[in-house]
file structure-v8.cif (mmCIF, N, CA and C atoms)
data_final
#
loop_
_atom_site.label_atom_id
_atom_site.label_comp_id
_atom_site.auth_asym_id
_atom_site.auth_seq_id
_atom_site.Cartn_x
_atom_site.Cartn_y
_atom_site.Cartn_z
N MET A 13 44.90 51.15 93.80
CA MET A 13 46.07 51.80 94.32
C MET A 13 45.83 53.30 94.29
N ALA A 14 46.36 53.97 95.28
CA ALA A 14 46.29 55.43 95.34
C ALA A 14 47.66 55.95 95.79
N LEU A 15 48.04 57.09 95.23
CA LEU A 15 49.32 57.70 95.57
C LEU A 15 49.08 59.05 96.24
N ASP A 16 49.86 59.32 97.25
CA ASP A 16 49.83 60.60 97.95
C ASP A 16 51.24 61.19 97.87
N PRO A 17 51.54 61.90 96.77
CA PRO A 17 52.90 62.39 96.57
C PRO A 17 53.36 63.39 97.63
N GLU A 18 52.43 64.11 98.22
CA GLU A 18 52.81 65.10 99.22
C GLU A 18 53.45 64.46 100.45
N ASP A 19 52.89 63.34 100.88
CA ASP A 19 53.40 62.66 102.08
C ASP A 19 54.08 61.32 101.77
N ASN A 20 54.29 61.02 100.49
CA ASN A 20 54.97 59.79 100.06
C ASN A 20 54.28 58.51 100.52
N ASN A 21 52.94 58.52 100.49
CA ASN A 21 52.17 57.33 100.84
C ASN A 21 51.67 56.65 99.58
N MET A 22 51.68 55.33 99.62
CA MET A 22 51.07 54.54 98.56
C MET A 22 50.09 53.58 99.24
N ILE A 23 48.86 53.63 98.79
CA ILE A 23 47.83 52.76 99.35
C ILE A 23 47.48 51.72 98.29
N VAL A 24 47.59 50.46 98.67
CA VAL A 24 47.19 49.38 97.77
C VAL A 24 46.11 48.57 98.48
N GLY A 25 45.10 48.20 97.72
CA GLY A 25 43.99 47.49 98.33
C GLY A 25 43.45 46.41 97.43
N GLU A 26 42.66 45.56 98.06
CA GLU A 26 42.03 44.47 97.33
C GLU A 26 40.69 44.15 97.99
N CYS A 27 39.70 43.86 97.15
CA CYS A 27 38.37 43.49 97.63
C CYS A 27 38.12 42.02 97.30
N LYS A 28 37.58 41.30 98.27
CA LYS A 28 37.23 39.90 98.06
C LYS A 28 35.76 39.70 98.45
N TYR A 29 35.00 39.19 97.52
CA TYR A 29 33.58 38.90 97.75
C TYR A 29 33.40 37.40 97.95
N TRP A 30 34.13 36.86 98.89
CA TRP A 30 34.08 35.43 99.18
C TRP A 30 33.14 35.18 100.35
N ASN A 31 32.62 33.99 100.42
CA ASN A 31 31.76 33.60 101.54
C ASN A 31 32.57 33.09 102.73
N ARG A 32 33.86 32.99 102.56
CA ARG A 32 34.73 32.51 103.64
C ARG A 32 35.75 33.59 103.99
N PRO A 33 36.31 33.52 105.18
CA PRO A 33 37.32 34.51 105.58
C PRO A 33 38.56 34.42 104.69
N ILE A 34 39.16 35.56 104.46
CA ILE A 34 40.42 35.56 103.70
C ILE A 34 41.58 35.45 104.68
N GLY A 35 42.68 34.88 104.20
CA GLY A 35 43.83 34.65 105.06
C GLY A 35 45.03 35.48 104.70
N THR A 36 46.13 35.15 105.29
CA THR A 36 47.36 35.92 105.12
C THR A 36 47.89 35.83 103.69
N SER A 37 47.51 34.81 102.95
CA SER A 37 48.02 34.68 101.58
C SER A 37 47.56 35.83 100.70
N VAL A 38 46.38 36.38 100.98
CA VAL A 38 45.89 37.52 100.20
C VAL A 38 46.75 38.75 100.49
N LEU A 39 47.10 38.96 101.75
CA LEU A 39 47.98 40.08 102.11
C LEU A 39 49.36 39.88 101.49
N GLU A 40 49.88 38.68 101.57
CA GLU A 40 51.20 38.40 101.00
C GLU A 40 51.21 38.66 99.49
N SER A 41 50.15 38.30 98.82
CA SER A 41 50.04 38.55 97.38
C SER A 41 50.00 40.05 97.09
N LEU A 42 49.27 40.78 97.90
CA LEU A 42 49.18 42.23 97.72
C LEU A 42 50.53 42.90 97.97
N GLU A 43 51.24 42.43 98.98
CA GLU A 43 52.58 42.97 99.26
C GLU A 43 53.52 42.71 98.08
N GLU A 44 53.41 41.54 97.49
CA GLU A 44 54.26 41.21 96.35
C GLU A 44 53.92 42.10 95.15
N LYS A 45 52.65 42.34 94.93
CA LYS A 45 52.23 43.21 93.82
C LYS A 45 52.78 44.63 94.01
N ALA A 46 52.79 45.09 95.24
CA ALA A 46 53.28 46.45 95.53
C ALA A 46 54.75 46.61 95.18
N THR A 47 55.51 45.54 95.22
CA THR A 47 56.95 45.63 94.91
C THR A 47 57.17 45.95 93.43
N HIS A 48 56.17 45.74 92.60
CA HIS A 48 56.30 46.00 91.17
C HIS A 48 56.03 47.46 90.80
N VAL A 49 55.62 48.24 91.77
CA VAL A 49 55.35 49.66 91.52
C VAL A 49 56.63 50.44 91.79
N SER A 50 57.11 51.13 90.78
CA SER A 50 58.39 51.84 90.92
C SER A 50 58.26 53.22 91.55
N TRP A 51 57.06 53.76 91.63
CA TRP A 51 56.87 55.11 92.16
C TRP A 51 57.52 55.26 93.54
N ASN A 52 58.46 56.17 93.63
CA ASN A 52 59.07 56.58 94.90
C ASN A 52 59.51 55.39 95.76
N ARG A 53 60.00 54.37 95.12
CA ARG A 53 60.31 53.08 95.77
C ARG A 53 61.16 53.21 97.04
N ASP A 54 62.13 54.10 97.04
CA ASP A 54 63.04 54.19 98.18
C ASP A 54 62.59 55.17 99.26
N ASN A 55 61.50 55.86 99.02
CA ASN A 55 61.07 56.88 99.98
C ASN A 55 59.55 56.93 100.06
N ARG A 56 58.94 55.81 100.38
CA ARG A 56 57.48 55.79 100.47
C ARG A 56 57.04 54.92 101.64
N LYS A 57 55.85 55.18 102.10
CA LYS A 57 55.18 54.37 103.10
C LYS A 57 54.05 53.65 102.38
N VAL A 58 54.01 52.33 102.48
CA VAL A 58 52.97 51.55 101.81
C VAL A 58 51.94 51.11 102.84
N TRP A 59 50.68 51.33 102.52
CA TRP A 59 49.55 50.92 103.35
C TRP A 59 48.78 49.84 102.59
N TYR A 60 48.39 48.80 103.27
CA TYR A 60 47.64 47.70 102.67
C TYR A 60 46.23 47.68 103.25
N VAL A 61 45.23 47.73 102.37
CA VAL A 61 43.84 47.75 102.79
C VAL A 61 43.13 46.57 102.15
N LEU A 62 42.55 45.72 102.98
CA LEU A 62 41.82 44.56 102.50
C LEU A 62 40.34 44.69 102.87
N PHE A 63 39.49 44.52 101.87
CA PHE A 63 38.05 44.55 102.05
C PHE A 63 37.53 43.13 101.85
N SER A 64 36.63 42.69 102.72
CA SER A 64 36.12 41.33 102.60
C SER A 64 34.68 41.24 103.05
N THR A 65 33.87 40.52 102.28
CA THR A 65 32.49 40.26 102.71
C THR A 65 32.43 39.03 103.61
N GLY A 66 33.42 38.17 103.54
CA GLY A 66 33.43 36.94 104.33
C GLY A 66 34.26 37.01 105.60
N GLY A 67 34.83 38.18 105.88
CA GLY A 67 35.64 38.33 107.09
C GLY A 67 37.10 37.95 106.86
N PHE A 68 37.82 37.79 107.96
CA PHE A 68 39.25 37.56 107.92
C PHE A 68 39.62 36.42 108.87
N SER A 69 40.63 35.67 108.51
CA SER A 69 41.09 34.59 109.37
C SER A 69 41.65 35.17 110.67
N ASP A 70 41.66 34.34 111.70
CA ASP A 70 42.22 34.78 112.99
C ASP A 70 43.68 35.20 112.83
N LYS A 71 44.42 34.44 112.04
CA LYS A 71 45.83 34.75 111.83
C LYS A 71 46.02 36.11 111.17
N LEU A 72 45.19 36.42 110.18
CA LEU A 72 45.30 37.73 109.52
C LEU A 72 44.89 38.85 110.46
N GLN A 73 43.87 38.63 111.26
CA GLN A 73 43.46 39.65 112.23
C GLN A 73 44.56 39.93 113.25
N GLU A 74 45.22 38.89 113.73
CA GLU A 74 46.33 39.07 114.67
C GLU A 74 47.48 39.82 114.03
N LEU A 75 47.79 39.47 112.80
CA LEU A 75 48.86 40.16 112.08
C LEU A 75 48.54 41.64 111.91
N ALA A 76 47.30 41.94 111.56
CA ALA A 76 46.89 43.34 111.37
C ALA A 76 46.98 44.14 112.67
N LYS A 77 46.74 43.49 113.80
CA LYS A 77 46.87 44.17 115.10
C LYS A 77 48.31 44.55 115.39
N GLN A 78 49.25 43.78 114.86
CA GLN A 78 50.67 44.00 115.11
C GLN A 78 51.29 45.01 114.15
N ARG A 79 50.59 45.31 113.06
CA ARG A 79 51.16 46.18 112.03
C ARG A 79 50.26 47.39 111.81
N GLU A 80 50.87 48.56 111.79
CA GLU A 80 50.09 49.78 111.54
C GLU A 80 49.78 49.98 110.06
N ASP A 81 50.43 49.25 109.19
CA ASP A 81 50.26 49.46 107.75
C ASP A 81 49.22 48.53 107.11
N VAL A 82 48.48 47.78 107.92
CA VAL A 82 47.46 46.86 107.40
C VAL A 82 46.11 47.23 107.99
N LEU A 83 45.15 47.49 107.10
CA LEU A 83 43.79 47.81 107.51
C LEU A 83 42.85 46.75 106.96
N LEU A 84 41.97 46.21 107.81
CA LEU A 84 41.01 45.20 107.41
C LEU A 84 39.61 45.79 107.52
N ILE A 85 38.84 45.70 106.45
CA ILE A 85 37.50 46.25 106.44
C ILE A 85 36.52 45.16 106.03
N HIS A 86 35.62 44.84 106.95
CA HIS A 86 34.63 43.80 106.73
C HIS A 86 33.29 44.47 106.41
N SER A 87 32.75 44.11 105.27
CA SER A 87 31.47 44.73 104.88
C SER A 87 30.37 43.71 104.79
#
call {"tool": "encode", "arguments": {"input": "structure-v8.cif", "output": "structure tokens"}}
result
Amino acid sequence: MALDPEDNNMIVGECKYWNRPIGTSVLESLEEKATHVSWNRDNRKVWYVLFSTGGFSDKLQELAKQREDVLLIHS
């Protein structure tokens, strides 16, 4: 997690070293974890960054295309 107090951004991320693509459940879990952070709760923009060695499911890729707050990085 990283905080940008100047612009009220919170970046939360997760890395998965799986041999298979990760799905929307990983994003949903990350979103749930972010709700437990009290920093600037009512006035922040949350960005979700997922790193994966196994890629991403088609459903997660489509979801990320529809949302500006989700970044998928395949390494």
call {"tool": "closest_residue", "arguments": {"input": "structure-v8.cif", "among": "A:Val61, A:Leu15, A:Val49, A:Met22", "to": "Leu84 of chain A", "atoms": "all atoms listed in the file"}}
result
A:Val61
call {"tool": "atom_distance", "arguments": {"input": "structure-v8.cif", "atom1": "atom CA of Leu42 of chain A", "atom2": "atom CA of Pro17 of chain A"}}
result
20.5 Å
call {"tool": "residues_around", "arguments": {"input": "structure-v8.cif", "residues": "His86 of chain A", "least_positions_apart": "5", "cutoff": "8 Å", "atoms": "only N, CA and C atoms", "output": "list of chain:residue names"}}
result
A:Leu62, A:Phe63, A:Ser64, A:Thr65, A:Gly66, A:Gly67, A:Phe68
call {"tool": "select_by_dssp", "arguments": {"input": "structure-v8.cif", "residues": "chain A", "states": "helix (DSSP H, G or I)", "output": "PyMOL selection string"}}
result
chain A and resi 36-46+70-78
call {"tool": "atom_distance", "arguments": {"input": "structure-v8.cif", "atom1": "atom N of Lys57 of chain A", "atom2": "atom CA of Ile34 of chain A"}}
result
25.0 Å
call {"tool": "residues_near_point", "arguments": {"input": "structure-v8.cif", "point": "(46.4, 45.8, 107.3)", "cutoff": "9 Å", "atoms": "only C-alpha atoms", "output": "list in words"}}
result
Leu39, Trp59, Tyr60, Val61, Leu62, Leu72, Gln73, Leu75, Ala76, Lys77, Arg79, Glu80, Asp81, Val82, Leu83, Leu84 and Ile85 of chain A
call {"tool": "atom_distance", "arguments": {"input": "structure-v8.cif", "atom1": "atom N of Ala14 of chain A", "atom2": "atom C of Asp54 of chain A"}}
result
16.8 Å
call {"tool": "select_by_dssp", "arguments": {"input": "structure-v8.cif", "residues": "segment 29-73 of chain A", "states": "strand (DSSP E)", "output": "count of residues only"}}
result
8
call {"tool": "closest_residue", "arguments": {"input": "structure-v8.cif", "among": "A:Ala46, A:Gly35, A:Arg53, A:Val58", "to": "Asn21 of chain A", "atoms": "all atoms listed in the file"}}
result
A:Val58
call {"tool": "closest_residue", "arguments": {"input": "structure-v8.cif", "among": "A:Met13, A:Ser87, A:Arg56, A:Ser50", "to": "Asn31 of chain A", "atoms": "only C-alpha atoms"}}
result
A:Ser87
call {"tool": "closest_residue", "arguments": {"input": "structure-v8.cif", "among": "A:Asn52, A:Glu43, A:Arg32, A:Ile23", "to": "Ser69 of chain A", "atoms": "only C-alpha atoms"}}
result
A:Arg32
